[in-house]
Amino acid sequence: MSGYDTLLGEENEKHFLLGNEAIVRGAIESGVGVAATYPGTPSSEVGDVLSKIAKKAGIYFEYSTNEIVALEVAASAAASGIRAFTFMKHVGLNVAADAFMSVGYAGTKAGLVIMTGDDPSMFSSQNEQDNRHYAEMAFIPLIEPSNPQEAKDFLIYSFDLSEKTGSAVLFRTTTRVSHQRANVTFGKKMEIKNKSHFIRDQNKFVLVPANAYVAKDKLIKRFENLKEFSENSPLNVIYGNGNEWGIITAGAAYNSVMDAINISGLKFDILKLGFSNPMPERKIINFLKDHKSVIIFEELDPFIESKVRIIAQMNNINSKIYGKMDSYVPWSYEFNPDRVLAVFSKLFNINYSISTVNQDIKLPSRPPVLCPGCPHRATFYAVKLVSKQLRLKDPIFPNDIGCYTLGIQKPYEEADYLLCMGSSIGSGCGFSKTTDQKVISFIGDSTFFHAGIPGLINAVHNGHKFVLIILDNRTTAMTGHQPNPGLPINGMREPAPEISIEEIVKAIGVRYVKTVDPYDLKSTIIAIREAVNFDGMAVVISKRECALLRDAEMIRNKKWVRYHINQEKCTRCMNCVLNFSCPAFYVDKDGAVLIDPVLCDGCGVCSQPQVCGFHAIERDEP
Ligand code: SF4
Ligand code: SF4
């Protein structure tokens, strides 16, 4: 039994849930039959939970190779008559965008909901894009919950809306909605079915130009029809009545607004938009007419604000509107009550004190580091040694999305360029063509499957010459250890065919391919040296499971290995501390180098002569 079995509970039960857990319950109550994703923060927990309970719920669930495949799986299931759900982080929707735009045109048969987890303040992301623009571009309705209860209830609403209108629905959470915890009351579960019979409808589902031409017109009519749904939606609500000032808000920003109002004691009427594309135009006109001044709070871009300003202008409404476009409200980063209070203070000339965070507490900065025993550290160390041995002048290290991006930090500094998933290989092609510097790219196993393969095909076909190191740690580590196609297990923890990275690389036509164990520094260094000297595209697969998985295994088996430093042999040269830099090393007040037994994971890499030439690092006696 999984701890998440409570999500299978009955109507009227109440549970304290994470927003993403509430979304899983919403999927169960909606009768979702198929769910597919590629993991990405802040949406990962939806998949983590489904991987444990989908089978019991009767849902087919998979981790797809990437987001566009996940959307295609879901869209085709919905075209067959099965309610389908796909979820991804915000940048994942860029990967899925090609299919997403066409899904707008084709529409759906059964309910189809696409969740985007946006990440204001970029806690785990390379940018802060606001995916609400995608809904507008694709003429798809947009739903924005503010808390876990709404996350569940609005998802159910989204499936009903999708089926009533024949349109896919974009369901937007942000980090503070997905990762917020609150009590959630369960509703009735719909029957779940995950098998149907696809009925051919080529005019609708085959978007050749002649069909797409007709579909565009239908899309616009469907969107016009959606305006009435938005106008009458219970998700667009007004709180308060008769106040001079109004606030229009949506999503997580609503929570910060309510806290700031409570703290300040100011009075506003609030229009909270849960269904924000298309906008409920009549509701907005009336709200503007009823208020002399209106402030708009939303994360991130002025998506609602720009439309409200257009509505006001087109209807000759003179209410004063304050927002991001006139710089009253900050444009970047997520909201908190203090940021809202700062806006109130500008507009109402009130004093406010920063209340939510005690600014006097200065916490030491704790930059993320590779874990003790992390196989990536050994690989980065080996690359550094080879670069020194071969006297490489300014080698370029394109890096990619995963834990190994931490190679950016000292002492490794092996991350020079990073755009998005898979970019280490495409950019490796560009750098190797346009410079005389050696190029050594890094990509993880999951990222290689996700977006790396086309780049490698490009590299071989176009004759690019650089080194690609595939860091195969046997998991999708950064997002929470989800399986990927390189493992003999699928998203529902069933046995699955393992796809060999080495065979793919060879099949693409790479002539230097070597798989090494990074814990064996000597052979790893030899392979990297050969790859750097190879005249052509060279791939080294550095294969060793993530240290956290090994730790869990050791705890299960009650077999814990640790290392210590023999002080009689240690010369205090500091190579282990300064260049290998495992976090388990520390230097005491007398200058002695020690290993913290709590942190040491017993990988033994530091005991090899390539790190400690004095053989001072020894394994503890069992
Ligand atoms: S590398 Fe070896 S000799 Fe040098 S400080 Fe570390 S343990 Fe001591
Ligand atoms: S054996 Fe050495 S490198 Fe491995 S975790 Fe322990 S101290 Fe770190």
# chains A, B, ... in the order shown; residues from 1 in each chain; ligands from 1
>>> residues_near_ligand(ligand="ligand 2", cutoff="8 Å", atoms="only C-alpha atoms and all ligand atoms", output="ChimeraX atom specification")
/A:372-374,562-564,580,582-585,595-597,599-607,617,619
>>> write_last_selection(atoms="N, CA and C atoms", output="compact mmCIF listing (two decimals), in the first residue's frame")
# COMPACT_ATOMS: atom_id res chain seq x y z
N PRO A 372 27.72 13.92 -1.87
CA PRO A 372 28.85 13.03 -1.65
C PRO A 372 28.62 11.72 -2.42
N GLY A 373 29.65 11.24 -3.07
CA GLY A 373 29.51 9.99 -3.82
C GLY A 373 28.89 10.16 -5.18
N CYS A 374 28.56 11.39 -5.58
CA CYS A 374 27.91 11.60 -6.88
C CYS A 374 28.86 11.18 -8.01
N ARG A 562 32.35 3.28 4.67
CA ARG A 562 32.82 4.66 4.82
C ARG A 562 34.34 4.71 4.69
N TYR A 563 34.82 5.91 4.45
CA TYR A 563 36.28 6.11 4.33
C TYR A 563 36.75 7.11 5.38
N HIS A 564 38.03 7.02 5.70
CA HIS A 564 38.62 7.99 6.65
C HIS A 564 40.00 8.37 6.13
N PHE A 580 39.01 17.85 -5.83
CA PHE A 580 37.97 16.83 -5.96
C PHE A 580 36.69 17.32 -5.29
N CYS A 582 34.70 16.75 -2.57
CA CYS A 582 33.52 16.06 -2.03
C CYS A 582 33.08 16.79 -0.76
N PRO A 583 31.76 17.04 -0.60
CA PRO A 583 31.32 17.79 0.60
C PRO A 583 31.60 17.07 1.92
N ALA A 584 31.98 15.79 1.86
CA ALA A 584 32.28 15.07 3.11
C ALA A 584 33.62 15.49 3.70
N PHE A 585 34.49 16.12 2.89
CA PHE A 585 35.79 16.56 3.42
C PHE A 585 35.62 17.84 4.24
N ILE A 595 37.25 13.34 7.06
CA ILE A 595 36.03 12.98 6.33
C ILE A 595 34.90 12.87 7.35
N ASP A 596 33.82 13.57 7.10
CA ASP A 596 32.65 13.50 7.98
C ASP A 596 31.94 12.16 7.73
N PRO A 597 31.94 11.27 8.72
CA PRO A 597 31.36 9.94 8.47
C PRO A 597 29.86 9.98 8.20
N LEU A 599 28.44 12.23 6.29
CA LEU A 599 28.25 12.62 4.88
C LEU A 599 28.85 11.61 3.90
N CYS A 600 29.94 10.94 4.33
CA CYS A 600 30.61 10.03 3.39
C CYS A 600 29.67 8.92 2.94
N ASP A 601 29.61 8.71 1.62
CA ASP A 601 28.73 7.65 1.15
C ASP A 601 29.51 6.42 0.69
N GLY A 602 30.81 6.47 0.93
CA GLY A 602 31.62 5.27 0.71
C GLY A 602 31.90 4.94 -0.74
N CYS A 603 31.82 5.95 -1.62
CA CYS A 603 32.04 5.64 -3.05
C CYS A 603 33.47 5.19 -3.31
N GLY A 604 34.42 5.69 -2.50
CA GLY A 604 35.82 5.27 -2.62
C GLY A 604 36.59 5.96 -3.73
N VAL A 605 35.96 6.89 -4.44
CA VAL A 605 36.67 7.53 -5.56
C VAL A 605 37.88 8.31 -5.04
N CYS A 606 37.70 8.98 -3.89
CA CYS A 606 38.78 9.82 -3.37
C CYS A 606 40.01 9.00 -2.94
N SER A 607 39.82 7.70 -2.71
CA SER A 607 40.94 6.89 -2.23
C SER A 607 41.86 6.47 -3.37
N ILE A 617 43.81 8.00 2.04
CA ILE A 617 42.37 7.81 2.26
C ILE A 617 42.07 6.32 2.24
N ARG A 619 39.65 2.86 3.51
CA ARG A 619 38.30 2.37 3.81
C ARG A 619 38.24 1.95 5.28
>>> select_by_dssp(residues="segment 141-206 of chain A", states="strand (DSSP E or B)", output="PyMOL selection string")
chain A and resi 142-143+169-174+181-185
>>> write_last_selection(atoms="N, CA and C atoms", output="mmCIF file, in the first residue's frame")
data_model
loop_
_atom_site.group_PDB
_atom_site.id
_atom_site.type_symbol
_atom_site.label_atom_id
_atom_site.label_comp_id
_atom_site.auth_asym_id
_atom_site.auth_seq_id
_atom_site.Cartn_x
_atom_site.Cartn_y
_atom_site.Cartn_z
ATOM 1 N N LEU A 142 -8.324 28.887 -20.707
ATOM 2 C CA LEU A 142 -7.278 28.865 -19.674
ATOM 3 C C LEU A 142 -7.922 28.898 -18.296
ATOM 4 N N ILE A 143 -7.505 27.953 -17.451
ATOM 5 C CA ILE A 143 -8.038 27.863 -16.088
ATOM 6 C C ILE A 143 -6.886 28.034 -15.104
ATOM 7 N N VAL A 169 -8.120 22.131 -22.886
ATOM 8 C CA VAL A 169 -8.060 23.210 -21.888
ATOM 9 C C VAL A 169 -6.639 23.301 -21.346
ATOM 10 N N LEU A 170 -6.134 24.526 -21.235
ATOM 11 C CA LEU A 170 -4.827 24.725 -20.588
ATOM 12 C C LEU A 170 -5.075 25.056 -19.111
ATOM 13 N N PHE A 171 -4.453 24.274 -18.238
ATOM 14 C CA PHE A 171 -4.658 24.385 -16.793
ATOM 15 C C PHE A 171 -3.338 24.881 -16.217
ATOM 16 N N ARG A 172 -3.325 26.127 -15.729
ATOM 17 C CA ARG A 172 -2.060 26.721 -15.318
ATOM 18 C C ARG A 172 -1.936 26.794 -13.803
ATOM 19 N N THR A 173 -0.919 26.113 -13.265
ATOM 20 C CA THR A 173 -0.576 26.339 -11.864
ATOM 21 C C THR A 173 0.741 27.106 -11.853
ATOM 22 N N THR A 174 1.084 27.639 -10.687
ATOM 23 C CA THR A 174 2.436 28.157 -10.484
ATOM 24 C C THR A 174 2.998 27.412 -9.271
ATOM 25 N N ARG A 181 0.160 23.448 0.635
ATOM 26 C CA ARG A 181 -0.606 22.386 1.283
ATOM 27 C C ARG A 181 -1.844 22.963 1.954
ATOM 28 N N ALA A 182 -2.973 22.270 1.845
ATOM 29 C CA ALA A 182 -4.200 22.725 2.510
ATOM 30 C C ALA A 182 -5.184 21.558 2.571
ATOM 31 N N ASN A 183 -6.213 21.742 3.373
ATOM 32 C CA ASN A 183 -7.257 20.721 3.449
ATOM 33 C C ASN A 183 -8.047 20.694 2.150
ATOM 34 N N VAL A 184 -8.347 19.496 1.682
ATOM 35 C CA VAL A 184 -9.117 19.342 0.449
ATOM 36 C C VAL A 184 -10.253 18.361 0.718
ATOM 37 N N THR A 185 -11.455 18.775 0.369
ATOM 38 C CA THR A 185 -12.612 17.887 0.538
ATOM 39 C C THR A 185 -12.858 17.140 -0.761
#
>>> closest_atom_pairs(of="chain A", to="ligand 1", cutoff="10 Å", atoms="only C-alpha atoms and all ligand atoms", output="Markdown table")
| residue | atom | partner | partner_atom_place_in_ligand_line | distance |
| --- | --- | --- | --- | --- |
| A:His564 | CA | ligand 1 | 7 (S) | 8.6 |
| A:Ile565 | CA | ligand 1 | 7 (S) | 5.7 |
| A:Asn566 | CA | ligand 1 | 7 (S) | 7.5 |
| A:Gln567 | CA | ligand 1 | 8 (Fe) | 7.6 |
| A:Glu568 | CA | ligand 1 | 8 (Fe) | 9.4 |
| A:Lys569 | CA | ligand 1 | 3 (S) | 6.8 |
| A:Cys570 | CA | ligand 1 | 8 (Fe) | 3.8 |
| A:Thr571 | CA | ligand 1 | 3 (S) | 4.4 |
| A:Arg572 | CA | ligand 1 | 5 (S) | 3.8 |
| A:Cys573 | CA | ligand 1 | 4 (Fe) | 4.0 |
| A:Met574 | CA | ligand 1 | 5 (S) | 3.8 |
| A:Asn575 | CA | ligand 1 | 1 (S) | 4.5 |
| A:Cys576 | CA | ligand 1 | 1 (S) | 4.3 |
| A:Val577 | CA | ligand 1 | 6 (Fe) | 6.3 |
| A:Leu578 | CA | ligand 1 | 6 (Fe) | 8.8 |
| A:Asn579 | CA | ligand 1 | 1 (S) | 9.0 |
| A:Phe580 | CA | ligand 1 | 1 (S) | 8.7 |
| A:Ser581 | CA | ligand 1 | 6 (Fe) | 9.8 |
| A:Phe585 | CA | ligand 1 | 6 (Fe) | 8.5 |
| A:Tyr586 | CA | ligand 1 | 6 (Fe) | 9.9 |
| A:Val587 | CA | ligand 1 | 5 (S) | 9.1 |
| A:Gly591 | CA | ligand 1 | 5 (S) | 9.7 |
| A:Ala592 | CA | ligand 1 | 5 (S) | 8.1 |
| A:Val593 | CA | ligand 1 | 5 (S) | 5.8 |
| A:Leu594 | CA | ligand 1 | 7 (S) | 7.7 |
| A:Ile595 | CA | ligand 1 | 7 (S) | 9.0 |
| A:Cys606 | CA | ligand 1 | 1 (S) | 7.8 |
| A:Ser607 | CA | ligand 1 | 2 (Fe) | 8.0 |
| A:Gln608 | CA | ligand 1 | 2 (Fe) | 9.5 |
| A:Pro609 | CA | ligand 1 | 1 (S) | 8.7 |
| A:Gln610 | CA | ligand 1 | 1 (S) | 9.1 |
| A:Val611 | CA | ligand 1 | 1 (S) | 5.9 |
| A:Cys612 | CA | ligand 1 | 1 (S) | 3.9 |
| A:Gly613 | CA | ligand 1 | 2 (Fe) | 6.4 |
| A:Phe614 | CA | ligand 1 | 3 (S) | 5.3 |
| A:His615 | CA | ligand 1 | 2 (Fe) | 6.5 |
| A:Ala616 | CA | ligand 1 | 2 (Fe) | 5.1 |
| A:Ile617 | CA | ligand 1 | 7 (S) | 5.4 |
| A:Glu618 | CA | ligand 1 | 7 (S) | 9.1 |
>>> write_last_selection(atoms="C-alpha atoms", output="PDB file, in the first residue's frame")
ATOM      1  CA  HIS A 564      38.617   7.989   6.645  1.00  0.00           C
ATOM      2  CA  ILE A 565      41.922   9.805   6.336  1.00  0.00           C
ATOM      3  CA  ASN A 566      45.023   8.233   7.806  1.00  0.00           C
ATOM      4  CA  GLN A 567      46.597  11.287   9.445  1.00  0.00           C
ATOM      5  CA  GLU A 568      50.039   9.721   9.436  1.00  0.00           C
ATOM      6  CA  LYS A 569      50.012   9.448   5.661  1.00  0.00           C
ATOM      7  CA  CYS A 570      48.169  12.699   4.906  1.00  0.00           C
ATOM      8  CA  THR A 571      50.538  15.478   3.760  1.00  0.00           C
ATOM      9  CA  ARG A 572      47.767  18.094   3.811  1.00  0.00           C
ATOM     10  CA  CYS A 573      48.342  18.775   0.127  1.00  0.00           C
ATOM     11  CA  MET A 574      44.607  19.617  -0.058  1.00  0.00           C
ATOM     12  CA  ASN A 575      44.006  18.085  -3.490  1.00  0.00           C
ATOM     13  CA  CYS A 576      41.003  16.156  -2.196  1.00  0.00           C
ATOM     14  CA  VAL A 577      39.486  19.293  -0.671  1.00  0.00           C
ATOM     15  CA  LEU A 578      40.288  21.836  -3.361  1.00  0.00           C
ATOM     16  CA  ASN A 579      40.118  19.873  -6.600  1.00  0.00           C
ATOM     17  CA  PHE A 580      37.966  16.831  -5.963  1.00  0.00           C
ATOM     18  CA  SER A 581      35.809  18.701  -3.475  1.00  0.00           C
ATOM     19  CA  PHE A 585      35.789  16.564   3.419  1.00  0.00           C
ATOM     20  CA  TYR A 586      36.469  19.232   6.014  1.00  0.00           C
ATOM     21  CA  VAL A 587      39.493  20.848   7.572  1.00  0.00           C
ATOM     22  CA  GLY A 591      44.486  22.167   9.583  1.00  0.00           C
ATOM     23  CA  ALA A 592      43.905  18.404   9.554  1.00  0.00           C
ATOM     24  CA  VAL A 593      41.831  17.080   6.654  1.00  0.00           C
ATOM     25  CA  LEU A 594      38.999  14.827   7.777  1.00  0.00           C
ATOM     26  CA  ILE A 595      36.026  12.978   6.331  1.00  0.00           C
ATOM     27  CA  CYS A 606      38.782   9.818  -3.369  1.00  0.00           C
ATOM     28  CA  SER A 607      40.937   6.886  -2.231  1.00  0.00           C
ATOM     29  CA  GLN A 608      42.271   6.363  -5.752  1.00  0.00           C
ATOM     30  CA  PRO A 609      45.758   7.686  -6.578  1.00  0.00           C
ATOM     31  CA  GLN A 610      44.312  10.131  -9.121  1.00  0.00           C
ATOM     32  CA  VAL A 611      42.862  12.035  -6.110  1.00  0.00           C
ATOM     33  CA  CYS A 612      45.147  11.163  -3.203  1.00  0.00           C
ATOM     34  CA  GLY A 613      48.597  10.296  -4.449  1.00  0.00           C
ATOM     35  CA  PHE A 614      49.700   9.566  -0.881  1.00  0.00           C
ATOM     36  CA  HIS A 615      47.266   6.695  -0.314  1.00  0.00           C
ATOM     37  CA  ALA A 616      46.080   8.448   2.821  1.00  0.00           C
ATOM     38  CA  ILE A 617      42.369   7.812   2.256  1.00  0.00           C
ATOM     39  CA  GLU A 618      41.420   4.407   3.528  1.00  0.00           C
TER      40      GLU A 618
END
>>> residues_around(residues="Tyr38 of chain A", least_positions_apart="6", cutoff="10 Å", atoms="only C-alpha atoms", output="list in words")
Ser44, Gly47, Glu62, Tyr63, Ser64, Thr65, Asn66, Glu67, Ile68, Val69, Ala70, Leu71, Thr86, Phe87, Met88, Lys89, Gly92, Ser446, His450, Thr476, Thr479, Gln482 and Asn484 of chain A
>>> residues_around(residues="Gln129 of chain A", least_positions_apart="5", cutoff="9 Å", atoms="only C-alpha atoms", output="PyMOL selection string")
chain A and resi 90-91+118-120+300-301
>>> closest_atom_pairs(of="segment 214-307 of chain A", to="segment 324-344 of chain A", cutoff="12 Å", atoms="only C-alpha atoms", output="JSON lines")
{"residue": "A:Trp245", "atom": "CA", "partner": "A:Phe344", "partner_atom": "CA", "distance": 11.4}
{"residue": "A:Ile247", "atom": "CA", "partner": "A:Phe344", "partner_atom": "CA", "distance": 11.3}
{"residue": "A:Thr249", "atom": "CA", "partner": "A:Val340", "partner_atom": "CA", "distance": 11.5}
{"residue": "A:Ala250", "atom": "CA", "partner": "A:Phe335", "partner_atom": "CA", "distance": 11.6}
{"residue": "A:Gly251", "atom": "CA", "partner": "A:Phe335", "partner_atom": "CA", "distance": 10.6}
{"residue": "A:Ala252", "atom": "CA", "partner": "A:Phe335", "partner_atom": "CA", "distance": 7.9}
{"residue": "A:Ala253", "atom": "CA", "partner": "A:Phe335", "partner_atom": "CA", "distance": 6.0}
{"residue": "A:Tyr254", "atom": "CA", "partner": "A:Phe335", "partner_atom": "CA", "distance": 9.3}
{"residue": "A:Asn255", "atom": "CA", "partner": "A:Pro337", "partner_atom": "CA", "distance": 8.1}
{"residue": "A:Ser256", "atom": "CA", "partner": "A:Pro337", "partner_atom": "CA", "distance": 4.5}
{"residue": "A:Val257", "atom": "CA", "partner": "A:Val340", "partner_atom": "CA", "distance": 6.2}
{"residue": "A:Met258", "atom": "CA", "partner": "A:Pro337", "partner_atom": "CA", "distance": 8.1}
{"residue": "A:Asp259", "atom": "CA", "partner": "A:Pro337", "partner_atom": "CA", "distance": 5.8}
{"residue": "A:Ala260", "atom": "CA", "partner": "A:Pro337", "partner_atom": "CA", "distance": 4.9}
{"residue": "A:Ile261", "atom": "CA", "partner": "A:Leu341", "partner_atom": "CA", "distance": 8.1}
{"residue": "A:Asn262", "atom": "CA", "partner": "A:Pro337", "partner_atom": "CA", "distance": 9.7}
{"residue": "A:Ile263", "atom": "CA", "partner": "A:Leu341", "partner_atom": "CA", "distance": 8.4}
{"residue": "A:Ser264", "atom": "CA", "partner": "A:Leu341", "partner_atom": "CA", "distance": 7.4}
{"residue": "A:Gly265", "atom": "CA", "partner": "A:Leu341", "partner_atom": "CA", "distance": 10.8}
{"residue": "A:Leu266", "atom": "CA", "partner": "A:Phe344", "partner_atom": "CA", "distance": 8.7}
{"residue": "A:Lys267", "atom": "CA", "partner": "A:Phe344", "partner_atom": "CA", "distance": 11.1}
{"residue": "A:Phe268", "atom": "CA", "partner": "A:Phe344", "partner_atom": "CA", "distance": 11.3}
{"residue": "A:Val294", "atom": "CA", "partner": "A:Tyr328", "partner_atom": "CA", "distance": 11.7}
{"residue": "A:Ile295", "atom": "CA", "partner": "A:Val329", "partner_atom": "CA", "distance": 8.6}
{"residue": "A:Ile296", "atom": "CA", "partner": "A:Lys324", "partner_atom": "CA", "distance": 7.9}
{"residue": "A:Phe297", "atom": "CA", "partner": "A:Val329", "partner_atom": "CA", "distance": 7.3}
{"residue": "A:Glu298", "atom": "CA", "partner": "A:Phe335", "partner_atom": "CA", "distance": 8.2}
{"residue": "A:Glu299", "atom": "CA", "partner": "A:Glu334", "partner_atom": "CA", "distance": 6.1}
{"residue": "A:Leu300", "atom": "CA", "partner": "A:Ser332", "partner_atom": "CA", "distance": 6.3}
{"residue": "A:Asp301", "atom": "CA", "partner": "A:Trp331", "partner_atom": "CA", "distance": 6.3}
{"residue": "A:Pro302", "atom": "CA", "partner": "A:Lys324", "partner_atom": "CA", "distance": 6.1}
{"residue": "A:Phe303", "atom": "CA", "partner": "A:Lys324", "partner_atom": "CA", "distance": 9.8}
{"residue": "A:Ile304", "atom": "CA", "partner": "A:Lys324", "partner_atom": "CA", "distance": 10.4}
{"residue": "A:Glu305", "atom": "CA", "partner": "A:Lys324", "partner_atom": "CA", "distance": 7.7}
{"residue": "A:Ser306", "atom": "CA", "partner": "A:Met325", "partner_atom": "CA", "distance": 7.8}
{"residue": "A:Lys307", "atom": "CA", "partner": "A:Met325", "partner_atom": "CA", "distance": 11.5}
>>> closest_residue(among="A:Ile528, A:Phe466, A:Phe287, A:Gly274", to="Gln389 of chain A", atoms="only C-alpha atoms")
A:Ile528
>>> closest_residue(among="A:Asn241, A:Thr108, A:Asn94, A:Asn557", to="Met421 of chain A", atoms="only C-alpha atoms")
A:Asn94
>>> closest_residue(among="A:Gly422, A:Pro141, A:Gly444, A:Gly536", to="Ala477 of chain A", atoms="only C-alpha atoms")
A:Gly444
>>> select_by_dssp(residues="segment 113-257 of chain A", states="alpha helix (DSSP H)", output="PyMOL selection string")
chain A and resi 132-138+148-165+175-178+202-205+209-231+251-257
>>> closest_residue(among="A:Ser167, A:Gln409, A:Ser319, A:Ser146", to="Ala79 of chain A", atoms="only C-alpha atoms")
A:Ser167
>>> atom_distance(atom1="atom CA of Glu545 of chain A", atom2="atom CA of Asp48 of chain A")
19.5 Å
>>> residues_around(residues="Glu72 of chain A", least_positions_apart="5", cutoff="9 Å", atoms="only C-alpha atoms", output="compact mmCIF listing (two decimals) with N, CA and C atoms, in the first residue's frame")
# COMPACT_ATOMS: atom_id res chain seq x y z
N GLU A 67 7.85 15.99 -23.61
CA GLU A 67 6.52 16.57 -23.42
C GLU A 67 5.64 16.49 -24.67
N ALA A 77 -5.55 9.70 -27.13
CA ALA A 77 -6.47 8.99 -26.23
C ALA A 77 -7.81 9.74 -26.17
N ALA A 96 6.34 20.81 -26.33
CA ALA A 96 5.06 20.26 -26.81
C ALA A 96 4.32 21.23 -27.73
N ALA A 99 2.60 20.28 -31.23
CA ALA A 99 1.35 19.52 -31.11
C ALA A 99 0.25 20.38 -30.47
N PHE A 100 0.64 21.20 -29.50
CA PHE A 100 -0.33 22.01 -28.76
C PHE A 100 -1.11 22.93 -29.69
>>> closest_residue(among="A:Ala415, A:Ala538, A:Ile156, A:Ile321", to="Leu456 of chain A", atoms="only C-alpha atoms")
A:Ala538
>>> residues_around(residues="Arg222 of chain A", least_positions_apart="2", cutoff="12 Å", atoms="only C-alpha atoms", output="list in words")
Gly104, Tyr105, Ala106, Gly107, Thr108, Ala138, Phe139, Ile140, Pro141, Leu161, Ser162, Lys164, Thr165, Gly166, Ser167, Ala168, Ala215, Lys216, Asp217, Lys218, Leu219, Ile220, Glu224, Asn225, Leu226, Lys227, Glu228, Phe229 and Pro278 of chain A
>>> residues_around(residues="Gly3 of chain A", least_positions_apart="2", cutoff="12 Å", atoms="only C-alpha atoms", output="number ranges by chain")
A: 1, 5-8, 17, 21, 48-50, 52-53
>>> closest_residue(among="A:Ala378, A:Val206, A:Lys195, A:Asn349", to="Ala547 of chain A", atoms="only C-alpha atoms")
A:Ala378
>>> atom_distance(atom1="atom CA of Phe123 of chain A", atom2="atom CA of Arg176 of chain A")
10.9 Å
